[in-house]
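Raw model-v3.pdb, PDB, C-alpha atoms:
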```pdb
ATOM      1  CA  MET E   3      31.006 -93.578-113.429
ATOM      2  CA  PRO E   4      29.607 -96.048-115.933
ATOM      3  CA  GLY E   5      27.468 -94.859-118.798
ATOM      4  CA  HIS E   6      25.039 -97.193-120.545
ATOM      5  CA  PRO E   7      24.188 -96.013-124.067
ATOM      6  CA  GLY E   8      21.439 -98.252-125.363
ATOM      7  CA  PRO E   9      19.234-100.725-123.530
ATOM      8  CA  PRO E  10      20.828-102.275-120.437
ATOM      9  CA  GLY E  11      20.463-105.789-121.771
ATOM     10  CA  GLY E  12      22.997-105.347-124.538
ATOM     11  CA  SER E  13      24.630-101.970-124.067
ATOM     12  CA  GLN E  14      28.269-101.136-124.130
ATOM     13  CA  ALA E  15      29.392 -99.555-120.865
ATOM     14  CA  ARG E  16      31.720 -96.623-120.813
ATOM     15  CA  ARG E  17      33.642 -95.402-117.769
ATOM     16  CA  VAL E  18      34.556 -91.755-117.354
ATOM     17  CA  ARG E  19      38.010 -91.156-115.922
ATOM     18  CA  LEU E  20      38.479 -89.331-112.635
ATOM     19  CA  ASP E  21      40.668 -86.378-111.714
ATOM     20  CA  PRO E  22      43.180 -86.964-108.879
ATOM     21  CA  ASP E  23      40.670 -85.485-106.405
ATOM     22  CA  GLY E  24      38.072 -88.102-107.370
ATOM     23  CA  ARG E  25      35.867 -85.843-109.494
ATOM     24  CA  PRO E  26      34.783 -86.877-113.008
ATOM     25  CA  ARG E  27      36.722 -85.356-115.884
ATOM     26  CA  GLU E  28      34.799 -82.339-117.154
ATOM     27  CA  ASP E  29      36.156 -82.641-120.693
ATOM     28  CA  GLU E  30      34.960 -86.231-121.045
ATOM     29  CA  LEU E  31      31.584 -85.395-119.530
ATOM     30  CA  GLN E  32      31.222 -82.542-122.009
ATOM     31  CA  GLN E  33      31.984 -84.897-124.894
ATOM     32  CA  LEU E  34      29.625 -87.566-123.575
ATOM     33  CA  GLY E  35      26.927 -84.966-122.883
ATOM     34  CA  LYS E  36      27.220 -83.640-126.424
ATOM     35  CA  TYR E  37      26.937 -87.160-127.807
ATOM     36  CA  LEU E  38      23.861 -87.918-125.675
ATOM     37  CA  GLN E  39      22.433 -84.411-126.192
ATOM     38  CA  LEU E  40      22.320 -83.605-122.485
ATOM     39  CA  HIS E  41      21.286 -80.158-121.302
ATOM     40  CA  PRO E  42      24.221 -77.904-120.244
ATOM     41  CA  LEU E  43      22.702 -77.501-116.761
ATOM     42  CA  ALA E  44      22.567 -81.287-116.395
ATOM     43  CA  ILE E  45      26.254 -81.530-117.299
ATOM     44  CA  GLU E  46      27.061 -78.747-114.836
ATOM     45  CA  ASP E  47      25.243 -80.623-112.036
ATOM     46  CA  ALA E  48      27.120 -83.806-112.928
ATOM     47  CA  VAL E  49      30.507 -82.081-112.799
ATOM     48  CA  HIS E  50      30.136 -80.020-109.646
ATOM     49  CA  ALA E  51      27.775 -82.265-107.616
ATOM     50  CA  HIS E  52      26.668 -81.062-104.148
ATOM     51  CA  GLN E  53      23.036 -81.355-105.228
ATOM     52  CA  ARG E  54      20.082 -82.143-103.019
ATOM     53  CA  PRO E  55      18.274 -85.348-103.994
ATOM     54  CA  LYS E  56      16.015 -84.293-106.837
ATOM     55  CA  GLN E  57      14.610 -85.224-110.246
ATOM     56  CA  GLU E  58      14.411 -82.855-113.201
ATOM     57  CA  ARG E  59      13.336 -83.152-116.814
ATOM     58  CA  TYR E  60      15.415 -81.767-119.663
ATOM     59  CA  GLY E  61      13.321 -82.618-122.707
ATOM     60  CA  ASP E  62      13.444 -86.388-123.146
ATOM     61  CA  VAL E  63      16.180 -86.781-120.527
ATOM     62  CA  LEU E  64      15.398 -87.374-116.856
ATOM     63  CA  SER E  65      18.084 -86.235-114.398
ATOM     64  CA  VAL E  66      18.073 -87.737-110.892
ATOM     65  CA  ALA E  67      20.465 -86.773-108.088
ATOM     66  CA  VAL E  68      20.843 -89.222-105.194
ATOM     67  CA  LYS E  69      23.105 -89.010-102.134
ATOM     68  CA  THR E  70      25.210 -92.080-101.422
ATOM     69  CA  LEU E  71      25.952 -92.836 -97.804
ATOM     70  CA  TRP E  72      28.044 -95.303 -95.869
ATOM     71  CA  PHE E  73      29.086 -95.789 -92.240
ATOM     72  CA  VAL E  74      32.798 -95.764 -91.332
ATOM     73  CA  GLU E  75      32.910 -98.139 -88.394
ATOM     74  CA  HIS E  76      36.334 -97.293 -86.918
ATOM     75  CA  SER E  77      35.521 -93.566 -86.663
ATOM     76  CA  ALA E  78      31.709 -93.816 -86.333
ATOM     77  CA  ASP E  79      31.379 -91.308 -89.178
ATOM     78  CA  VAL E  80      28.673 -91.173 -91.819
ATOM     79  CA  GLU E  81      30.341 -90.366 -95.151
ATOM     80  CA  THR E  82      28.325 -89.133 -98.092
ATOM     81  CA  GLY E  83      28.791 -88.949-101.830
ATOM     82  CA  GLU E  84      26.541 -88.411-104.801
ATOM     83  CA  VAL E  85      25.338 -90.198-107.899
ATOM     84  CA  MET E  86      23.760 -88.423-110.867
ATOM     85  CA  ILE E  87      21.594 -90.640-113.056
ATOM     86  CA  PHE E  88      20.537 -89.536-116.532
ATOM     87  CA  LEU E  89      17.860 -91.491-118.387
ATOM     88  CA  GLY E  90      17.141 -91.033-122.061
ATOM     89  CA  PRO E  91      14.932 -92.963-124.463
ATOM     90  CA  SER E  92      17.736 -95.441-125.176
ATOM     91  CA  PHE E  93      20.489 -94.816-122.623
ATOM     92  CA  ALA E  94      21.257 -94.589-118.911
ATOM     93  CA  LEU E  95      24.269 -92.623-117.659
ATOM     94  CA  THR E  96      25.510 -92.544-114.063
ATOM     95  CA  VAL E  97      28.091 -90.108-112.688
ATOM     96  CA  ARG E  98      29.552 -90.830-109.265
ATOM     97  CA  HIS E  99      31.146 -88.528-106.692
ATOM     98  CA  GLY E 100      32.595 -90.112-103.565
ATOM     99  CA  ALA E 101      34.217 -93.372-102.560
ATOM    100  CA  LEU E 102      31.078 -95.526-102.611
ATOM    101  CA  ASP E 103      30.210 -96.811-106.099
ATOM    102  CA  PRO E 104      26.696 -98.324-106.124
ATOM    103  CA  THR E 105      26.814 -98.933-109.872
ATOM    104  CA  VAL E 106      29.087-101.957-109.464
ATOM    105  CA  GLU E 107      26.549-103.819-107.342
ATOM    106  CA  ALA E 108      23.714-102.498-109.514
ATOM    107  CA  ALA E 109      25.349-103.953-112.627
ATOM    108  CA  GLY E 110      25.655-107.300-110.860
ATOM    109  CA  ARG E 111      21.978-107.263-109.890
ATOM    110  CA  LEU E 112      20.933-106.449-113.449
ATOM    111  CA  GLU E 113      23.051-109.275-114.800
ATOM    112  CA  ALA E 114      21.357-111.615-112.326
ATOM    113  CA  ALA E 115      17.887-110.389-113.406
ATOM    114  CA  PRO E 116      17.983-110.215-117.232
ATOM    115  CA  ARG E 117      14.194-109.995-117.562
ATOM    116  CA  ARG E 118      14.144-106.792-115.536
ATOM    117  CA  ALA E 119      17.180-105.450-117.407
ATOM    118  CA  ARG E 120      15.275-105.800-120.675
ATOM    119  CA  LEU E 121      12.719-103.258-119.439
ATOM    120  CA  GLY E 122      15.076-100.491-120.526
ATOM    121  CA  PRO E 123      17.029 -97.644-118.926
ATOM    122  CA  VAL E 124      14.472 -97.226-116.137
ATOM    123  CA  SER E 125      15.654-100.566-114.724
ATOM    124  CA  VAL E 126      19.087 -98.983-114.245
ATOM    125  CA  LEU E 127      17.513 -96.106-112.304
ATOM    126  CA  HIS E 128      15.594 -98.487-110.064
ATOM    127  CA  THR E 129      18.550-100.782-109.393
ATOM    128  CA  VAL E 130      20.993 -97.974-108.553
ATOM    129  CA  ILE E 131      18.508 -96.331-106.168
ATOM    130  CA  ASP E 132      17.723 -99.740-104.643
ATOM    131  CA  VAL E 133      21.428-100.349-103.904
ATOM    132  CA  ILE E 134      21.751 -96.886-102.353
ATOM    133  CA  VAL E 135      18.649 -97.333-100.181
ATOM    134  CA  ASP E 136      19.918-100.728 -99.000
ATOM    135  CA  ALA E 137      23.125 -98.947 -97.915
ATOM    136  CA  TYR E 138      20.952 -96.456 -96.021
ATOM    137  CA  LEU E 139      19.311 -99.308 -94.110
ATOM    138  CA  GLN E 140      22.683-100.811 -93.175
ATOM    139  CA  ALA E 141      24.009 -97.422 -92.030
ATOM    140  CA  ALA E 142      20.882 -96.846 -89.924
ATOM    141  CA  VAL E 143      21.421-100.174 -88.148
ATOM    142  CA  GLN E 144      25.039 -99.259 -87.356
ATOM    143  CA  VAL E 145      24.096 -95.783 -86.133
ATOM    144  CA  ARG E 146      21.434 -97.349 -83.906
ATOM    145  CA  ALA E 147      24.082 -99.688 -82.440
ATOM    146  CA  ASP E 148      26.379 -96.725 -81.704
ATOM    147  CA  LEU E 149      23.505 -94.883 -80.060
ATOM    148  CA  THR E 150      22.743 -97.911 -77.875
ATOM    149  CA  ASP E 151      26.394 -98.000 -76.748
ATOM    150  CA  LEU E 152      26.247 -94.294 -75.905
ATOM    151  CA  GLU E 153      23.064 -94.798 -73.868
ATOM    152  CA  ARG E 154      24.681 -97.682 -71.979
ATOM    153  CA  CYS E 155      27.735 -95.551 -71.158
ATOM    154  CA  MET E 156      25.604 -92.568 -70.187
ATOM    155  CA  PHE E 157      23.528 -94.470 -67.649
ATOM    156  CA  SER E 158      26.512 -96.340 -66.192
ATOM    157  CA  PRO E 159      27.836 -95.351 -62.741
ATOM    158  CA  ALA E 160      31.063 -94.051 -64.293
ATOM    159  CA  ARG E 161      31.378 -90.276 -64.499
ATOM    160  CA  GLU E 162      32.384 -89.860 -68.142
ATOM    161  CA  ASP E 163      31.607 -86.757 -70.176
ATOM    162  CA  LEU E 164      30.050 -88.023 -73.428
ATOM    163  CA  THR E 165      28.841 -84.651 -74.709
ATOM    164  CA  GLU E 166      31.288 -84.551 -77.614
ATOM    165  CA  GLN E 167      30.525 -88.128 -78.725
ATOM    166  CA  ILE E 168      26.763 -87.546 -78.572
ATOM    167  CA  TYR E 169      27.002 -84.273 -80.456
ATOM    168  CA  THR E 170      29.266 -85.831 -83.096
ATOM    169  CA  LEU E 171      26.834 -88.704 -83.666
ATOM    170  CA  LYS E 172      23.917 -86.268 -83.826
ATOM    171  CA  ARG E 173      25.750 -84.270 -86.490
ATOM    172  CA  GLU E 174      26.241 -87.469 -88.496
ATOM    173  CA  VAL E 175      22.535 -88.286 -88.151
ATOM    174  CA  VAL E 176      21.646 -84.802 -89.411
ATOM    175  CA  GLU E 177      23.819 -85.469 -92.460
ATOM    176  CA  PHE E 178      22.063 -88.825 -92.820
ATOM    177  CA  ARG E 179      18.667 -87.123 -92.595
ATOM    178  CA  ASP E 180      19.602 -84.559 -95.245
ATOM    179  CA  ALA E 181      20.364 -87.415 -97.630
ATOM    180  CA  VAL E 182      17.230 -89.465 -96.929
ATOM    181  CA  GLN E 183      14.364 -87.021 -96.435
ATOM    182  CA  PRO E 184      14.582 -85.135 -99.769
ATOM    183  CA  LEU E 185      14.810 -88.451-101.612
ATOM    184  CA  VAL E 186      11.420 -89.662-100.324
ATOM    185  CA  PRO E 187       9.242 -87.480-102.613
ATOM    186  CA  VAL E 188      11.580 -88.227-105.529
ATOM    187  CA  VAL E 189      11.074 -91.981-105.206
ATOM    188  CA  GLN E 190       7.365 -91.506-104.508
ATOM    189  CA  TYR E 191       7.115 -89.772-107.885
ATOM    190  CA  PHE E 192       8.501 -92.900-109.554
ATOM    191  CA  THR E 193       5.842 -95.128-107.942
ATOM    192  CA  ALA E 194       3.140 -93.606-110.173
ATOM    193  CA  PRO E 195       2.736 -94.999-113.715
ATOM    194  CA  HIS E 196       4.437 -92.991-116.468
ATOM    195  CA  ASP E 197       3.501 -93.202-120.118
ATOM    196  CA  ASP E 198       7.097 -93.630-121.286
ATOM    197  CA  TRP E 199       8.007 -96.225-118.649
ATOM    198  CA  PRO E 200       7.175 -99.938-118.499
ATOM    199  CA  ARG E 201       4.363-100.483-116.019
ATOM    200  CA  GLN E 202       6.162-103.586-114.738
ATOM    201  CA  MET E 203       8.638-101.275-112.965
ATOM    202  CA  VAL E 204       6.012 -99.635-110.746
ATOM    203  CA  PRO E 205       5.943-102.438-108.088
ATOM    204  CA  TYR E 206       9.756-102.353-107.917
ATOM    205  CA  PHE E 207       9.769 -98.616-107.224
ATOM    206  CA  ARG E 208       7.032 -99.084-104.623
ATOM    207  CA  ASP E 209       9.246-101.605-102.864
ATOM    208  CA  VAL E 210      12.156 -99.132-102.857
ATOM    209  CA  ALA E 211       9.826 -96.383-101.609
ATOM    210  CA  ASP E 212       8.722 -98.627 -98.740
ATOM    211  CA  HIS E 213      12.335 -99.309 -97.694
ATOM    212  CA  LEU E 214      13.172 -95.620 -97.994
ATOM    213  CA  THR E 215      10.184 -94.594 -95.893
ATOM    214  CA  ARG E 216      11.226 -97.069 -93.206
ATOM    215  CA  THR E 217      14.725 -95.617 -93.237
ATOM    216  CA  ASP E 218      13.332 -92.087 -93.060
ATOM    217  CA  VAL E 219      11.255 -92.982 -90.006
ATOM    218  CA  GLU E 220      14.269 -94.615 -88.382
ATOM    219  CA  VAL E 221      16.515 -91.606 -89.041
ATOM    220  CA  ARG E 222      13.888 -89.221 -87.629
ATOM    221  CA  ALA E 223      13.640 -91.438 -84.524
ATOM    222  CA  LEU E 224      17.427 -91.496 -84.161
ATOM    223  CA  ASP E 225      17.582 -87.717 -84.472
ATOM    224  CA  ASP E 226      14.885 -87.202 -81.830
ATOM    225  CA  LEU E 227      16.387 -89.812 -79.524
ATOM    226  CA  LEU E 228      19.855 -88.292 -79.797
ATOM    227  CA  GLY E 229      18.410 -84.923 -78.837
ATOM    228  CA  SER E 230      16.817 -86.527 -75.778
ATOM    229  CA  VAL E 231      20.043 -88.374 -74.932
ATOM    230  CA  LEU E 232      22.028 -85.146 -75.186
ATOM    231  CA  ASP E 233      19.544 -83.335 -72.910
ATOM    232  CA  ALA E 234      19.607 -86.200 -70.416
ATOM    233  CA  HIS E 235      23.400 -86.283 -70.419
ATOM    234  CA  LEU E 236      23.652 -82.525 -69.892
ATOM    235  CA  ALA E 237      21.195 -82.871 -66.998
ATOM    236  CA  LYS E 238      23.370 -85.635 -65.576
ATOM    237  CA  VAL E 239      26.482 -83.464 -65.900
ATOM    238  CA  GLY E 240      24.580 -80.698 -64.104
ATOM    239  CA  THR E 241      23.744 -83.179 -61.348
ATOM    240  CA  TRP E 242      27.437 -84.082 -61.031
ATOM    241  CA  GLN E 243      28.301 -80.409 -60.694
ATOM    242  CA  ASN E 244      25.598 -79.913 -58.058
ATOM    243  CA  ASP E 245      26.914 -82.917 -56.116
ATOM    244  CA  ASP E 246      30.421 -81.478 -56.248
ATOM    245  CA  MET E 247      29.201 -78.081 -55.073
ATOM    246  CA  ARG E 248      27.281 -79.672 -52.196
ATOM    247  CA  ARG E 249      30.360 -81.611 -51.104
ATOM    248  CA  ILE E 250      32.513 -78.503 -51.295
ATOM    249  CA  SER E 251      29.913 -76.500 -49.372
ATOM    250  CA  ALA E 252      29.584 -79.243 -46.731
ATOM    251  CA  TRP E 253      33.335 -79.451 -46.151
ATOM    252  CA  ALA E 254      33.566 -75.641 -46.053
ATOM    253  CA  ALA E 255      30.862 -75.569 -43.340
ATOM    254  CA  ILE E 256      32.623 -78.322 -41.365
ATOM    255  CA  LEU E 257      35.972 -76.537 -41.523
ATOM    256  CA  ALA E 258      34.338 -73.240 -40.531
ATOM    257  CA  ILE E 259      33.816 -74.435 -36.920
ATOM    258  CA  PRO E 260      37.494 -75.075 -36.015
ATOM    259  CA  THR E 261      38.440 -71.984 -38.012
ATOM    260  CA  LEU E 262      36.015 -69.881 -35.974
ATOM    261  CA  ILE E 263      37.194 -71.215 -32.604
ATOM    262  CA  ALA E 264      40.870 -70.961 -33.551
ATOM    263  CA  GLY E 265      40.266 -67.439 -34.858
ATOM    264  CA  VAL E 266      38.656 -66.325 -31.596
ATOM    265  CA  TYR E 267      41.472 -67.703 -29.459
ATOM    266  CA  GLY E 268      44.098 -66.343 -31.816
ATOM    267  CA  MET E 269      43.197 -62.681 -31.302
ATOM    268  CA  ASN E 270      45.793 -62.402 -28.458
ATOM    269  CA  PHE E 271      43.800 -60.144 -26.126
ATOM    270  CA  ALA E 272      45.167 -59.842 -22.576
ATOM    271  CA  HIS E 273      41.949 -60.802 -20.818
ATOM    272  CA  MET E 274      40.263 -63.789 -22.438
ATOM    273  CA  PRO E 275      38.286 -66.543 -20.718
ATOM    274  CA  GLU E 276      39.983 -69.884 -20.126
ATOM    275  CA  LEU E 277      43.469 -68.549 -21.000
ATOM    276  CA  ASP E 278      44.691 -69.455 -17.513
ATOM    277  CA  TRP E 279      42.498 -72.568 -17.252
ATOM    278  CA  ARG E 280      44.428 -75.817 -17.265
ATOM    279  CA  TYR E 281      41.881 -77.672 -19.428
ATOM    280  CA  GLY E 282      41.064 -74.805 -21.779
ATOM    281  CA  TYR E 283      43.157 -76.132 -24.698
ATOM    282  CA  PRO E 284      41.720 -79.672 -24.565
ATOM    283  CA  CYS E 285      38.198 -78.265 -24.235
ATOM    284  CA  ALA E 286      38.698 -76.047 -27.292
ATOM    285  CA  LEU E 287      39.865 -79.081 -29.318
ATOM    286  CA  ALA E 288      36.927 -81.105 -28.012
ATOM    287  CA  ALA E 289      34.488 -78.352 -29.040
ATOM    288  CA  MET E 290      36.042 -78.323 -32.512
ATOM    289  CA  ALA E 291      35.791 -82.108 -32.822
ATOM    290  CA  PHE E 292      32.205 -82.184 -31.503
ATOM    291  CA  GLY E 293      31.022 -79.419 -33.836
ATOM    292  CA  THR E 294      32.687 -80.841 -36.928
ATOM    293  CA  GLY E 295      31.486 -84.367 -36.104
ATOM    294  CA  LEU E 296      27.930 -83.148 -35.634
ATOM    295  CA  LEU E 297      27.943 -81.344 -38.991
ATOM    296  CA  TYR E 298      29.600 -84.286 -40.733
ATOM    297  CA  ARG E 299      26.897 -86.630 -39.495
ATOM    298  CA  ALA E 300      24.138 -84.234 -40.553
ATOM    299  CA  PHE E 301      25.563 -83.838 -44.023
ATOM    300  CA  ARG E 302      26.016 -87.610 -44.414
ATOM    301  CA  ARG E 303      22.394 -88.223 -43.445
ATOM    302  CA  ASN E 304      21.222 -85.634 -46.001
ATOM    303  CA  GLY E 305      23.354 -87.142 -48.768
ATOM    304  CA  TRP E 306      25.706 -84.186 -49.108
ATOM    305  CA  LEU E 307      28.760 -86.316 -48.289
TER     306      LEU E 307
END
```

I need this file expressed as structure tokens, please.
Amino acid sequence: MPGHPGPPGGSQARRVRLDPDGRPREDELQQLGKYLQLHPLAIEDAVHAHQRPKQERYGDVLSVAVKTLWFVEHSADVETGEVMIFLGPSFALTVRHGALDPTVEAAGRLEAAPRRARLGPVSVLHTVIDVIVDAYLQAAVQVRADLTDLERCMFSPAREDLTEQIYTLKREVVEFRDAVQPLVPVVQYFTAPHDDWPRQMVPYFRDVADHLTRTDVEVRALDDLLGSVLDAHLAKVGTWQNDDMRRISAWAAILAIPTLIAGVYGMNFAHMPELDWRYGYPCALAAMAFGTGLLYRAFRRNGWL
């Protein structure tokens, strides 16, 4: 979690150590917060995380919470983390929760664009959010590819139950949506000119807002499409079950004919027709075969078998 006291162009970066569980050390954050005069609620948010994307003002300090997100390809999971960004008049502090660290790439981008870095701490805010939104776009592309594979499997002739895979991907998309949608109004707020911010940063934030809006539209489309895919798959499973029931019913009707004839002749009454007839047994078998064959043909023509 790098902190940037002073302007980004010539600041000294400081990295807060992590606990074994990956959370920032509360004691060091308290010391750093006291040095930077951060509000106690801002420090509490930075320590405990689990915040919705938001922006809040604590005097001269702007606090911004952003969800990080990345796609784990081997498990098709969408993993999330969080970055808290604190902007003061002469410093920018970032606190990271989760495995993905966007500040590393952000620092590289700022080093490659020194003119933008000289615009002050707000350039750090823009660059970190830009890196995170770019990760959103990449994750959306990978989720779309997984959805396409699921659609291909669903409409294939193979009878494979994909309900669990579809539901799992839909749950990941919901997590994706919860990270993207609340961030849209936050970034939109930054696209308006602010008295204490360089006006040169406004076009950069508008560019990020455009990318974020595109991602938001894509995630909404993925969510709706997954709902439709799940409904279609459940309908297909219902069709499979109906086909199975029709086959079972057809075979039960076919087997009912020989069962009926055999049941009648198995009642062992003393006086029954054809008991003393030489061709009675072959005729009974022929009647069974004719009846079952007739039903089998009828069911085949109707698509039941």

Compile the contact shell of Pro187 in chain E as a list of chain:residue names: residues with an atom at most 9 Å away, counting all atoms listed in the file, same-chain residues fewer than 5 positions apart removed.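 These residues fall inside the cut-off: E:Lys56, E:Phe192, E:Ala211.
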
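For the atom pair formed by CA of Trp242 in chain E and CA of Arg299 in chain E, the distance is 21.7 Å, given to one decimal.
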
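When only C-alpha atoms are used to compute distances to Gln167 in chain E, the closest of the residues E:Ala264, E:Ala255, E:Ala147, E:Leu228 turns out to be E:Leu228.
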
Contact residues around Gly90 in chain E with all atoms listed in the file at 10 Å, ignoring same-chain residues under 6 positions, as a count of residues only: 14

I'd like the residues picked by the PyMOL selection byres ((chain E and resi 102-110) around 10) written out as an MDAnalysis selection string, using the chain letters and numbers from the file. chainID E and resid 3:5 10 70:72 81:85 96:101 111:115 119 125:134 137

Please measure the separation of CA of Val68 in chain E and CA of Val182 in chain E, giving the value in Å to one decimal. 9.0 Å

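Take CA of Thr170 in chain E and CA of Gln243 in chain E: the distance between them is 23.1 Å.
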
Specify as a ChimeraX atom specification each residue included when the PyMOL selection byres ((chain E and resi 263) around 12) is applied to this file. /E:257-262,264-269,283,285-291,293-294

Evaluating the PyMOL selection byres ((chain E and resi 232) around 10) on the displayed file yields which residues, as a list in words?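 Evaluating the PyMOL selection byres ((chain E and resi 232) around 10) on these coordinates yields Glu153, Met156, Leu164, Thr165, Glu166, Gln167, Ile168, Tyr169, Lys172, Asp226, Leu227, Leu228, Gly229, Ser230, Val231, Asp233, Ala234, His235, Leu236, Ala237 and Lys238 of chain E.
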
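Proximity to Arg179 in chain E at 7 Å, evaluated using all atoms listed in the file and with sequence-adjacent residues fewer than 4 positions away removed, yields E:Val175, E:Gln183, E:Val221.
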
With C-alpha atoms kept, could you save the residues just selected as a JSON list (two decimals), keeping the file's coordinate frame?
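Final output, saved to out.json:
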```json
[["chain", "number", "residue", "atom", "x", "y", "z"],
["E", 175, "VAL", "CA", 22.54, -88.29, -88.15],
["E", 183, "GLN", "CA", 14.36, -87.02, -96.44],
["E", 221, "VAL", "CA", 16.52, -91.61, -89.04]]
```

Neighbour residues at most 10 Å from (22.3, -84.7, -50.0) (all atoms listed in the file) as a PyMOL selection string: chain E and resi 244-245+248-249+252+300-307
